[in-house]
Amino acid sequence: GDSDINTEVVVLGSGPGGYTAAFRAADLGKQVVLIERYSTLGGVCLNVGCIPSKALLHTAKVITEAEETSHHGVSFGKPEIKLDELRNWKANDVVAKLTGGLAQMAKQRGVTVVQGVGQFTSSNQIAVTATDGKVTTVGFQNAIIAAGSQATKFPGAPEDERIMDSTGALALADVPKRLLVIGGGIIGLEMGTVYDALGSKVSVVEFMDGLIPGADRDLIRPLQKRMEKRFENIMLSTKVAKMEAKKDGIHVSFEGENAPKETQIYDRVLVSIGRRPNGKNIGAENAGVAVDDRGFIAVDKQMRTNVPHIFAIGDIVGQPMLAHKATHEAKVAAEVIAGHKVEFQAMVIPSVAYTDPEVAWVGVTETEAKAQGLAIEKASFPWAASGRALSIARSEGATKLIFDKETHRVIGAGIVGTNAGELLAEAVLAIEMGADAHDLGLTIHAHPTLSETICFAAEMKEGTITDLY
Ligand code: FAD
Ligand code: NAI
């Protein structure tokens, strides 16, 4: 046709959804063009999300563990934090290695990367505008929309660089003396954990009556207890009434029972009140792709939009907005385009907050089971009875399994404690494979490990546990 480039498959956006879809389609023999507005591949997750936040959380953990070893007789001095070096390590040794690796892999597979902002101009063409204004048109047979999401802005907040979203917080411009986090969800608590360790006095304001509202309360309690000790203030059921940027700081007044009466002054504010999809910024209407009021694009189990040759994956198709969901959807879309008979059929999608302690959960939660009147049994093993947890001075954790009352199969799990995110994988596999308490209890777990707590929880349910150690 009359496009500058013609291709079998075009992928719009190079985050975990986009690059996975592009690579999978290329591996299946398709000719692929990958469009990304930024100069590096990897999207939010690699550049300003999952990866840089985990790098900084690692630093935070090293600092707090060093502080806490004073309780068992080993003291270090106050950490000296060289922000330039920390920033460089995050940017060059972690993020750039991964995004550079992606560029390499795209090249090896013959995936053509076109840099610029892509907009559909019809149901078979996308126009890509580069930063210098040059437009490249890409004609396609199939498209995969993987344009992701962006941080929700706080309504009415003044324009001021001290009022940041997660990208600003990850940039580590300085260590504010006092930081206010608006939104006690995953981003707020992960970044709050980082700044607390670096030396900020952190306050969190959350309008619901608990932190991370999606997880069971018994899993949140140990996290909240630790945060209450370390943070300046956690204000639940509280709203920000007013925010003003002044020379001496951001002046914030609050509303709610637990709210401070006086206006507070913060050096920086992190707004982490959720993310919204980019569905309204891609010219979807020109292709006839339906986008809802909030910017989400509806898809079927094969990741097809209402336009049969156009697919969508990742944050832009809905909750949960997680990288591992995006990559699995990406493979489905690419494989369907290549003619495979597949659909997205994950039984469960795990969630992990990489706070300290971590909180990880999957499948049916106890709260959901109660609300839906499901017949369940649960078993919860306290880490205070785990030899390994005590030996690493982190006995505040717990491992909980939720079983179907009739079949005794595992249908949900929740873990709070150090490394909970890694430990959860066994429970996810158990659910996918239809394992029951007996299977988990009879599996020999190495001693002493935190992973044993899954076996112990299963044995508690079976009534076969003999000793707690
Ligand atoms: P994105 O990663 O959002 O990628 C979309 C890409 O499309 C971007 O590169 C964007 O520039 C590009 N794009 C958009 N529109 C256009 C256009 N018109 N033209 C050209 N390019 C365009 N998830 C986890 O699972 N684990 C975590 O630990 C985790 N931590 C996070 C921490 C933070 C601070 C944040 C913000 C998010 C975190 N997430 C985490 C969520 C995760 O980053 C997202 O779920 C994931 O990146 C979604 O992937 P995606 O492919 O749908 O889109
Ligand atoms: P979130 O939806 O997880 O949490 C937002 C919190 O802010 C909620 O608790 C909500 O009740 C509260 N809130 C909303 N409006 C408010 C207001 N005006 N005042 C006070 N509180 C308010 O969103 P978050 O933390 O911004 O993260 C966005 C998404 O990014 C997550 O839902 C997740 O999908 C993804 N993510 C995943 C991570 C992981 O997997 N470890 C890490 C970080 C982000």
# chains A, B, ... in the order shown; residues from 1 in each chain; ligands from 1

call {"tool": "residues_near_ligand", "arguments": {"ligand": "ligand 1", "cutoff": "6 Å", "atoms": "only C-alpha atoms and all ligand atoms", "output": "ChimeraX atom specification"}}
result
/A:12-18,35-38,43-45,49-50,53,116-119,146-149,166,187,282,314-316,321-324,326

call {"tool": "write_last_selection", "arguments": {"atoms": "N, CA and C atoms", "output": "compact mmCIF listing (two decimals), in the first residue's frame"}}
result
# COMPACT_ATOMS: atom_id res chain seq x y z
N LEU A 12 2.34 -1.87 19.31
CA LEU A 12 2.39 -0.48 19.77
C LEU A 12 2.72 -0.44 21.26
N GLY A 13 3.97 -0.06 21.58
CA GLY A 13 4.40 0.00 22.98
C GLY A 13 5.35 -1.15 23.28
N SER A 14 6.47 -0.84 23.97
CA SER A 14 7.51 -1.86 24.16
C SER A 14 7.72 -2.26 25.62
N GLY A 15 6.65 -2.18 26.45
CA GLY A 15 6.74 -2.65 27.83
C GLY A 15 6.78 -4.18 27.86
N PRO A 16 6.62 -4.77 29.06
CA PRO A 16 6.65 -6.24 29.16
C PRO A 16 5.64 -6.90 28.20
N GLY A 17 4.49 -6.27 28.00
CA GLY A 17 3.52 -6.82 27.06
C GLY A 17 4.06 -6.71 25.64
N GLY A 18 4.45 -5.51 25.25
CA GLY A 18 4.86 -5.24 23.87
C GLY A 18 6.09 -5.99 23.43
N ILE A 35 6.79 -0.37 17.87
CA ILE A 35 6.78 1.11 17.96
C ILE A 35 6.90 1.52 19.43
N GLU A 36 7.85 2.41 19.73
CA GLU A 36 8.02 2.91 21.10
C GLU A 36 8.40 4.37 21.04
N ARG A 37 7.72 5.18 21.88
CA ARG A 37 8.00 6.62 21.85
C ARG A 37 9.35 6.96 22.47
N TYR A 38 9.77 6.20 23.48
CA TYR A 38 11.04 6.51 24.16
C TYR A 38 12.22 5.83 23.47
N GLY A 43 9.42 -0.23 28.47
CA GLY A 43 8.21 0.36 29.04
C GLY A 43 8.37 0.81 30.47
N VAL A 44 7.23 0.91 31.15
CA VAL A 44 7.22 1.37 32.54
C VAL A 44 8.04 0.42 33.41
N CYS A 45 7.78 -0.88 33.24
CA CYS A 45 8.36 -1.87 34.16
C CYS A 45 9.88 -1.77 34.24
N GLY A 49 9.58 1.43 36.69
CA GLY A 49 8.60 0.66 37.46
C GLY A 49 9.24 -0.45 38.25
N CYS A 50 8.84 -1.68 37.93
CA CYS A 50 9.25 -2.88 38.68
C CYS A 50 10.75 -2.90 39.00
N SER A 53 12.51 0.14 41.04
CA SER A 53 11.99 0.15 42.41
C SER A 53 12.57 -1.01 43.21
N GLY A 116 9.00 6.72 18.16
CA GLY A 116 8.11 7.85 17.99
C GLY A 116 6.75 7.53 18.58
N VAL A 117 5.87 8.53 18.56
CA VAL A 117 4.53 8.35 19.11
C VAL A 117 3.63 7.79 18.01
N GLY A 118 3.03 6.65 18.27
CA GLY A 118 2.19 6.00 17.27
C GLY A 118 0.72 6.32 17.46
N GLN A 119 0.04 6.56 16.35
CA GLN A 119 -1.41 6.82 16.36
C GLN A 119 -2.01 6.06 15.20
N ALA A 146 -0.18 -2.40 23.03
CA ALA A 146 0.43 -2.64 24.35
C ALA A 146 0.93 -1.32 24.90
N ALA A 147 0.04 -0.31 24.88
CA ALA A 147 0.45 1.07 25.19
C ALA A 147 0.42 1.38 26.68
N GLY A 148 0.03 0.41 27.53
CA GLY A 148 0.23 0.56 28.97
C GLY A 148 -0.61 1.60 29.67
N SER A 149 -0.04 2.15 30.76
CA SER A 149 -0.80 3.04 31.63
C SER A 149 0.11 4.14 32.17
N SER A 166 5.39 8.22 40.73
CA SER A 166 6.42 7.20 41.01
C SER A 166 7.70 7.46 40.22
N ILE A 187 2.53 1.03 45.27
CA ILE A 187 3.59 1.98 44.92
C ILE A 187 3.95 2.85 46.13
N ILE A 282 -4.13 6.93 21.51
CA ILE A 282 -3.50 6.17 20.43
C ILE A 282 -4.28 6.22 19.12
N GLY A 314 -1.94 -6.31 28.35
CA GLY A 314 -1.26 -5.55 29.41
C GLY A 314 -2.18 -4.60 30.17
N ASP A 315 -1.57 -3.56 30.73
CA ASP A 315 -2.31 -2.62 31.59
C ASP A 315 -3.52 -2.02 30.87
N ILE A 316 -3.42 -1.87 29.56
CA ILE A 316 -4.48 -1.18 28.81
C ILE A 316 -5.76 -2.01 28.71
N MET A 321 -3.01 -4.69 36.93
CA MET A 321 -1.98 -4.04 36.10
C MET A 321 -0.61 -4.53 36.57
N LEU A 322 -0.24 -5.71 36.08
CA LEU A 322 1.01 -6.34 36.52
C LEU A 322 1.79 -6.84 35.32
N ALA A 323 3.10 -6.77 35.43
CA ALA A 323 3.98 -7.13 34.33
C ALA A 323 3.81 -8.59 33.91
N HIS A 324 3.69 -9.48 34.91
CA HIS A 324 3.60 -10.91 34.57
C HIS A 324 2.26 -11.26 33.93
N ALA A 326 0.84 -9.07 31.80
CA ALA A 326 1.06 -8.54 30.45
C ALA A 326 1.85 -9.53 29.58

call {"tool": "select_by_dssp", "arguments": {"residues": "segment 293-389 of chain A", "states": "alpha helix (DSSP H)", "output": "PyMOL selection string"}}
result
chain A and resi 323-337+366-372+387-389

call {"tool": "write_last_selection", "arguments": {"atoms": "N, CA and C atoms", "output": "mmCIF file, in the first residue's frame"}}
result
data_model
loop_
_atom_site.group_PDB
_atom_site.id
_atom_site.type_symbol
_atom_site.label_atom_id
_atom_site.label_comp_id
_atom_site.auth_asym_id
_atom_site.auth_seq_id
_atom_site.Cartn_x
_atom_site.Cartn_y
_atom_site.Cartn_z
ATOM 1 N N ALA A 323 3.101 -6.770 35.432
ATOM 2 C CA ALA A 323 3.979 -7.128 34.326
ATOM 3 C C ALA A 323 3.808 -8.587 33.914
ATOM 4 N N HIS A 324 3.685 -9.483 34.910
ATOM 5 C CA HIS A 324 3.601 -10.911 34.566
ATOM 6 C C HIS A 324 2.261 -11.260 33.925
ATOM 7 N N LYS A 325 1.245 -10.448 34.175
ATOM 8 C CA LYS A 325 -0.011 -10.651 33.439
ATOM 9 C C LYS A 325 0.182 -10.221 31.987
ATOM 10 N N ALA A 326 0.837 -9.072 31.801
ATOM 11 C CA ALA A 326 1.063 -8.538 30.449
ATOM 12 C C ALA A 326 1.848 -9.526 29.583
ATOM 13 N N THR A 327 2.897 -10.127 30.136
ATOM 14 C CA THR A 327 3.738 -11.020 29.320
ATOM 15 C C THR A 327 2.975 -12.280 28.909
ATOM 16 N N HIS A 328 2.132 -12.777 29.793
ATOM 17 C CA HIS A 328 1.355 -13.979 29.425
ATOM 18 C C HIS A 328 0.307 -13.658 28.365
ATOM 19 N N GLU A 329 -0.339 -12.506 28.514
ATOM 20 C CA GLU A 329 -1.311 -12.095 27.490
ATOM 21 C C GLU A 329 -0.605 -11.880 26.149
ATOM 22 N N ALA A 330 0.634 -11.365 26.219
ATOM 23 C CA ALA A 330 1.417 -11.080 25.005
ATOM 24 C C ALA A 330 1.644 -12.353 24.198
ATOM 25 N N LYS A 331 2.013 -13.415 24.891
ATOM 26 C CA LYS A 331 2.274 -14.681 24.190
ATOM 27 C C LYS A 331 1.007 -15.193 23.532
ATOM 28 N N VAL A 332 -0.122 -15.057 24.245
ATOM 29 C CA VAL A 332 -1.390 -15.513 23.670
ATOM 30 C C VAL A 332 -1.687 -14.751 22.382
ATOM 31 N N ALA A 333 -1.577 -13.416 22.422
ATOM 32 C CA ALA A 333 -1.895 -12.603 21.227
ATOM 33 C C ALA A 333 -0.997 -13.001 20.054
ATOM 34 N N ALA A 334 0.305 -13.115 20.314
ATOM 35 C CA ALA A 334 1.246 -13.442 19.235
ATOM 36 C C ALA A 334 0.939 -14.827 18.663
ATOM 37 N N GLU A 335 0.634 -15.782 19.534
ATOM 38 C CA GLU A 335 0.381 -17.152 19.085
ATOM 39 C C GLU A 335 -0.927 -17.252 18.309
ATOM 40 N N VAL A 336 -1.947 -16.514 18.740
ATOM 41 C CA VAL A 336 -3.215 -16.515 18.003
ATOM 42 C C VAL A 336 -2.980 -15.964 16.601
ATOM 43 N N ILE A 337 -2.205 -14.882 16.511
ATOM 44 C CA ILE A 337 -1.910 -14.289 15.191
ATOM 45 C C ILE A 337 -1.164 -15.292 14.308
ATOM 46 N N GLU A 366 -9.204 -14.725 51.926
ATOM 47 C CA GLU A 366 -10.177 -15.066 52.957
ATOM 48 C C GLU A 366 -11.346 -14.077 52.916
ATOM 49 N N THR A 367 -11.009 -12.820 52.674
ATOM 50 C CA THR A 367 -12.042 -11.775 52.616
ATOM 51 C C THR A 367 -13.037 -12.067 51.493
ATOM 52 N N GLU A 368 -12.505 -12.445 50.314
ATOM 53 C CA GLU A 368 -13.390 -12.777 49.188
ATOM 54 C C GLU A 368 -14.233 -14.003 49.504
ATOM 55 N N ALA A 369 -13.593 -15.019 50.098
ATOM 56 C CA ALA A 369 -14.315 -16.252 50.411
ATOM 57 C C ALA A 369 -15.499 -15.959 51.321
ATOM 58 N N LYS A 370 -15.258 -15.093 52.335
ATOM 59 C CA LYS A 370 -16.350 -14.736 53.257
ATOM 60 C C LYS A 370 -17.437 -13.979 52.516
ATOM 61 N N ALA A 371 -17.031 -13.001 51.708
ATOM 62 C CA ALA A 371 -18.012 -12.160 51.004
ATOM 63 C C ALA A 371 -18.855 -12.991 50.042
ATOM 64 N N GLN A 372 -18.233 -14.018 49.432
ATOM 65 C CA GLN A 372 -18.954 -14.825 48.444
ATOM 66 C C GLN A 372 -19.579 -16.075 49.052
ATOM 67 N N GLY A 387 12.077 -22.091 62.745
ATOM 68 C CA GLY A 387 13.482 -21.967 63.135
ATOM 69 C C GLY A 387 14.229 -21.012 62.226
ATOM 70 N N ARG A 388 13.935 -21.089 60.943
ATOM 71 C CA ARG A 388 14.646 -20.238 60.004
ATOM 72 C C ARG A 388 14.280 -18.766 60.193
ATOM 73 N N ALA A 389 12.973 -18.497 60.382
ATOM 74 C CA ALA A 389 12.540 -17.104 60.560
ATOM 75 C C ALA A 389 13.200 -16.506 61.799
#

call {"tool": "closest_residue", "arguments": {"among": "A:Glu257, A:His309, A:Thr238, A:Ser272", "to": "Lys153 of chain A", "atoms": "only C-alpha atoms"}}
result
A:Ser272

call {"tool": "select_by_dssp", "arguments": {"residues": "segment 405-450 of chain A", "states": "strand (DSSP E)", "output": "MDAnalysis selection string"}}
result
chainID A and resid 410:417

call {"tool": "write_last_selection", "arguments": {"atoms": "C-alpha atoms", "output": "JSON list (two decimals), in the first residue's frame"}}
result
[["chain", "number", "residue", "atom", "x", "y", "z"],
["A", 410, "VAL", "CA", -5.47, -25.29, 47.59],
["A", 411, "ILE", "CA", -7.43, -22.39, 46.10],
["A", 412, "GLY", "CA", -5.65, -19.45, 47.70],
["A", 413, "ALA", "CA", -2.54, -18.49, 49.63],
["A", 414, "GLY", "CA", -1.15, -15.48, 51.43],
["A", 415, "ILE", "CA", 2.30, -14.94, 52.87],
["A", 416, "VAL", "CA", 3.66, -12.02, 54.83],
["A", 417, "GLY", "CA", 7.32, -12.00, 55.70]]

call {"tool": "residues_near_ligand", "arguments": {"ligand": "ligand 2", "cutoff": "6 Å", "atoms": "only C-alpha atoms and all ligand atoms", "output": "ChimeraX atom specification"}}
result
/A:182-188,205-208,211-213,239,272-275,320-322,351-354

call {"tool": "write_last_selection", "arguments": {"atoms": "N, CA and C atoms", "output": "CSV table (one decimal), in the first residue's frame"}}
result
chain,number,residue,atom,x,y,z
A,182,ILE,N,0.7,10.0,49.3
A,182,ILE,CA,-0.8,10.0,49.2
A,182,ILE,C,-1.2,8.7,48.4
A,183,GLY,N,-1.9,7.8,49.2
A,183,GLY,CA,-2.3,6.5,48.6
A,183,GLY,C,-1.4,5.4,49.3
A,184,GLY,N,-2.1,4.6,50.1
A,184,GLY,CA,-1.3,3.5,50.8
A,184,GLY,C,-1.5,2.2,50.1
A,185,GLY,N,-1.3,2.3,48.7
A,185,GLY,CA,-1.3,1.1,47.9
A,185,GLY,C,0.1,0.6,47.7
A,186,ILE,N,0.3,-0.2,46.7
A,186,ILE,CA,1.6,-0.9,46.5
A,186,ILE,C,2.8,0.1,46.2
A,187,ILE,N,2.5,1.0,45.3
A,187,ILE,CA,3.6,2.0,44.9
A,187,ILE,C,3.9,2.9,46.1
A,188,GLY,N,2.9,3.4,46.8
A,188,GLY,CA,3.2,4.3,47.9
A,188,GLY,C,4.0,3.6,49.0
A,205,VAL,N,-1.0,8.9,53.7
A,205,VAL,CA,-2.4,9.2,53.9
A,205,VAL,C,-3.2,8.3,52.9
A,206,GLU,N,-4.1,7.6,53.5
A,206,GLU,CA,-4.9,6.6,52.7
A,206,GLU,C,-6.4,6.8,53.0
A,207,PHE,N,-7.2,7.0,52.0
A,207,PHE,CA,-8.6,7.3,52.3
A,207,PHE,C,-9.5,6.1,52.7
A,208,MET,N,-9.0,4.9,52.4
A,208,MET,CA,-9.7,3.7,52.9
A,208,MET,C,-9.3,3.4,54.3
A,211,LEU,N,-4.3,-0.3,54.7
A,211,LEU,CA,-3.3,-0.3,53.7
A,211,LEU,C,-3.5,-1.4,52.7
A,212,ILE,N,-3.1,-1.3,51.4
A,212,ILE,CA,-3.2,-2.3,50.4
A,212,ILE,C,-4.6,-3.0,50.5
A,213,PRO,N,-5.6,-2.2,50.2
A,213,PRO,CA,-7.0,-2.7,50.4
A,213,PRO,C,-7.3,-4.1,49.8
A,239,LYS,N,-8.4,12.0,54.3
A,239,LYS,CA,-8.3,12.6,52.9
A,239,LYS,C,-7.4,13.8,53.0
A,272,SER,N,0.5,8.5,44.7
A,272,SER,CA,0.4,7.1,44.3
A,272,SER,C,-1.0,6.6,44.5
A,273,ILE,N,-2.0,7.1,43.7
A,273,ILE,CA,-3.4,6.8,44.0
A,273,ILE,C,-3.9,5.9,42.8
A,274,GLY,N,-3.1,5.2,42.1
A,274,GLY,CA,-3.5,4.3,41.1
A,274,GLY,C,-3.0,4.7,39.7
A,275,ARG,N,-3.3,3.9,38.7
A,275,ARG,CA,-2.8,4.2,37.4
A,275,ARG,C,-4.0,4.1,36.4
A,320,PRO,N,-5.5,-7.2,36.8
A,320,PRO,CA,-4.5,-6.5,37.5
A,320,PRO,C,-3.5,-5.9,36.6
A,321,MET,N,-3.0,-4.7,36.9
A,321,MET,CA,-2.0,-4.0,36.1
A,321,MET,C,-0.6,-4.5,36.6
A,322,LEU,N,-0.2,-5.7,36.1
A,322,LEU,CA,1.0,-6.3,36.5
A,322,LEU,C,1.8,-6.8,35.3
A,351,SER,N,0.0,-11.7,43.3
A,351,SER,CA,0.3,-10.3,43.6
A,351,SER,C,1.4,-10.2,44.7
A,352,VAL,N,2.3,-9.3,44.5
A,352,VAL,CA,3.4,-9.2,45.5
A,352,VAL,C,3.6,-7.7,45.8
A,353,ALA,N,3.6,-7.3,47.1
A,353,ALA,CA,4.1,-6.0,47.5
A,353,ALA,C,5.5,-6.2,48.0
A,354,TYR,N,6.5,-5.6,47.4
A,354,TYR,CA,7.9,-5.8,47.8
A,354,TYR,C,8.3,-4.9,48.9

call {"tool": "closest_residue", "arguments": {"among": "A:Lys177, A:Asn306, A:Pro52, A:Val317", "to": "Arg294 of chain A", "atoms": "only C-alpha atoms"}}
result
A:Val317

call {"tool": "closest_residue", "arguments": {"among": "A:Asp216, A:Ser395, A:Thr449, A:Arg162", "to": "Trp361 of chain A", "atoms": "only C-alpha atoms"}}
result
A:Asp216

call {"tool": "residues_around", "arguments": {"residues": "Asp248 of chain A", "least_positions_apart": "6", "cutoff": "10 Å", "atoms": "only C-alpha atoms", "output": "PyMOL selection string"}}
result
chain A and resi 265-267

call {"tool": "write_last_selection", "arguments": {"atoms": "C-alpha atoms", "output": "mmCIF file, in the first residue's frame"}}
result
data_model
loop_
_atom_site.group_PDB
_atom_site.id
_atom_site.type_symbol
_atom_site.label_atom_id
_atom_site.label_comp_id
_atom_site.auth_asym_id
_atom_site.auth_seq_id
_atom_site.Cartn_x
_atom_site.Cartn_y
_atom_site.Cartn_z
ATOM 1 C CA ILE A 265 4.578 21.083 55.706
ATOM 2 C CA TYR A 266 6.378 18.441 53.611
ATOM 3 C CA ASP A 267 9.538 18.741 51.529
#

call {"tool": "residues_around", "arguments": {"residues": "Gly168 of chain A", "least_positions_apart": "4", "cutoff": "12 Å", "atoms": "only C-alpha atoms", "output": "ChimeraX atom specification"}}
result
/A:48-49,52-53,151,160-164,172-174,191,268-272

call {"tool": "write_last_selection", "arguments": {"atoms": "N, CA and C atoms", "output": "PDB file, in the first residue's frame"}}
result
ATOM      1  N   VAL A  48      10.914   2.690  34.586  1.00  0.00           N
ATOM      2  CA  VAL A  48      10.456   3.502  35.731  1.00  0.00           C
ATOM      3  C   VAL A  48       9.442   2.748  36.605  1.00  0.00           C
ATOM      4  N   GLY A  49       9.579   1.434  36.693  1.00  0.00           N
ATOM      5  CA  GLY A  49       8.600   0.658  37.461  1.00  0.00           C
ATOM      6  C   GLY A  49       9.244  -0.450  38.254  1.00  0.00           C
ATOM      7  N   PRO A  52      13.653  -0.610  38.578  1.00  0.00           N
ATOM      8  CA  PRO A  52      14.356   0.374  39.416  1.00  0.00           C
ATOM      9  C   PRO A  52      13.829   0.397  40.856  1.00  0.00           C
ATOM     10  N   SER A  53      12.514   0.142  41.038  1.00  0.00           N
ATOM     11  CA  SER A  53      11.992   0.152  42.412  1.00  0.00           C
ATOM     12  C   SER A  53      12.572  -1.006  43.209  1.00  0.00           C
ATOM     13  N   ALA A 151       0.499   7.205  35.640  1.00  0.00           N
ATOM     14  CA  ALA A 151       0.058   7.520  36.996  1.00  0.00           C
ATOM     15  C   ALA A 151      -1.148   8.458  36.952  1.00  0.00           C
ATOM     16  N   ASP A 160       4.148  21.482  40.568  1.00  0.00           N
ATOM     17  CA  ASP A 160       5.357  21.791  41.324  1.00  0.00           C
ATOM     18  C   ASP A 160       6.211  20.539  41.307  1.00  0.00           C
ATOM     19  N   GLU A 161       7.523  20.684  41.051  1.00  0.00           N
ATOM     20  CA  GLU A 161       8.324  19.462  40.906  1.00  0.00           C
ATOM     21  C   GLU A 161       8.469  18.697  42.223  1.00  0.00           C
ATOM     22  N   ARG A 162       8.143  19.336  43.347  1.00  0.00           N
ATOM     23  CA  ARG A 162       8.204  18.612  44.628  1.00  0.00           C
ATOM     24  C   ARG A 162       7.006  17.675  44.811  1.00  0.00           C
ATOM     25  N   ILE A 163       5.970  17.856  43.998  1.00  0.00           N
ATOM     26  CA  ILE A 163       4.826  16.922  44.014  1.00  0.00           C
ATOM     27  C   ILE A 163       5.068  15.923  42.887  1.00  0.00           C
ATOM     28  N   MET A 164       5.397  14.670  43.289  1.00  0.00           N
ATOM     29  CA  MET A 164       5.928  13.700  42.324  1.00  0.00           C
ATOM     30  C   MET A 164       4.964  12.539  42.110  1.00  0.00           C
ATOM     31  N   LEU A 172      15.058  10.021  42.491  1.00  0.00           N
ATOM     32  CA  LEU A 172      15.906  10.273  43.666  1.00  0.00           C
ATOM     33  C   LEU A 172      16.622  11.626  43.587  1.00  0.00           C
ATOM     34  N   ALA A 173      15.866  12.697  43.334  1.00  0.00           N
ATOM     35  CA  ALA A 173      16.482  14.028  43.229  1.00  0.00           C
ATOM     36  C   ALA A 173      17.190  14.375  44.538  1.00  0.00           C
ATOM     37  N   ASP A 174      16.577  14.024  45.661  1.00  0.00           N
ATOM     38  CA  ASP A 174      17.204  14.241  46.972  1.00  0.00           C
ATOM     39  C   ASP A 174      16.505  13.328  47.974  1.00  0.00           C
ATOM     40  N   MET A 191       7.711   2.725  47.723  1.00  0.00           N
ATOM     41  CA  MET A 191       8.578   3.909  47.675  1.00  0.00           C
ATOM     42  C   MET A 191       8.743   4.518  49.070  1.00  0.00           C
ATOM     43  N   ARG A 268       8.577  16.996  50.159  1.00  0.00           N
ATOM     44  CA  ARG A 268       8.092  16.412  48.905  1.00  0.00           C
ATOM     45  C   ARG A 268       6.819  15.621  49.167  1.00  0.00           C
ATOM     46  N   VAL A 269       6.036  15.416  48.106  1.00  0.00           N
ATOM     47  CA  VAL A 269       4.812  14.616  48.183  1.00  0.00           C
ATOM     48  C   VAL A 269       4.853  13.608  47.037  1.00  0.00           C
ATOM     49  N   LEU A 270       4.564  12.350  47.352  1.00  0.00           N
ATOM     50  CA  LEU A 270       4.435  11.326  46.310  1.00  0.00           C
ATOM     51  C   LEU A 270       2.954  11.007  46.128  1.00  0.00           C
ATOM     52  N   VAL A 271       2.453  11.195  44.918  1.00  0.00           N
ATOM     53  CA  VAL A 271       1.065  10.838  44.616  1.00  0.00           C
ATOM     54  C   VAL A 271       1.058   9.432  44.029  1.00  0.00           C
ATOM     55  N   SER A 272       0.454   8.496  44.741  1.00  0.00           N
ATOM     56  CA  SER A 272       0.395   7.101  44.268  1.00  0.00           C
ATOM     57  C   SER A 272      -1.010   6.580  44.522  1.00  0.00           C
TER      58      SER A 272
END

call {"tool": "atom_distance", "arguments": {"atom1": "atom CA of Ala420 of chain A", "atom2": "atom CA of Ala60 of chain A"}}
result
16.6 Å

call {"tool": "closest_residue", "arguments": {"among": "A:Gly463, A:Gly441, A:Pro155, A:Pro357", "to": "Leu223 of chain A", "atoms": "only C-alpha atoms"}}
result
A:Pro357

call {"tool": "atom_distance", "arguments": {"atom1": "atom CA of Gly363 of chain A", "atom2": "atom CA of Phe344 of chain A"}}
result
16.1 Å

call {"tool": "atom_distance", "arguments": {"atom1": "atom CA of Thr137 of chain A", "atom2": "atom CA of Gln115 of chain A"}}
result
11.7 Å

call {"tool": "residues_around", "arguments": {"residues": "Ala375 of chain A", "least_positions_apart": "5", "cutoff": "8 Å", "atoms": "only C-alpha atoms", "output": "list in words"}}
result
Ala369, Asp404, Lys405 and Glu406 of chain A

call {"tool": "write_last_selection", "arguments": {"atoms": "C-alpha atoms", "output": "PDB file, in the first residue's frame"}}
result
ATOM      1  CA  ALA A 369     -14.315 -16.252  50.411  1.00  0.00           C
ATOM      2  CA  ASP A 404     -11.755 -25.801  49.099  1.00  0.00           C
ATOM      3  CA  LYS A 405     -13.695 -27.480  51.919  1.00  0.00           C
ATOM      4  CA  GLU A 406     -14.921 -30.314  49.737  1.00  0.00           C
TER       5      GLU A 406
END

call {"tool": "closest_residue", "arguments": {"among": "A:Ala430, A:Ile144, A:Ala55, A:Val342", "to": "Val194 of chain A", "atoms": "only C-alpha atoms"}}
result
A:Ala55

call {"tool": "closest_residue", "arguments": {"among": "A:Ala197, A:Leu424, A:Ala338, A:Ala457", "to": "Asp436 of chain A", "atoms": "only C-alpha atoms"}}
result
A:Ala457

call {"tool": "residues_around", "arguments": {"residues": "Val10 of chain A", "least_positions_apart": "6", "cutoff": "10 Å", "atoms": "only C-alpha atoms", "output": "PyMOL selection string"}}
result
chain A and resi 18+21-22+25+31-35+111-113+124-126+138-145+310

call {"tool": "residues_around", "arguments": {"residues": "Glu462 of chain A", "least_positions_apart": "2", "cutoff": "12 Å", "atoms": "only C-alpha atoms", "output": "list in words"}}
result
Glu377, Lys378, Ala379, Leu401, Phe403, His408, Arg409, Asp436, Ala437, His438, Asp439, Leu440, Gly441, Leu442, Cys455, Phe456, Ala457, Ala458, Glu459, Met460, Thr464, Ile465 and Thr466 of chain A
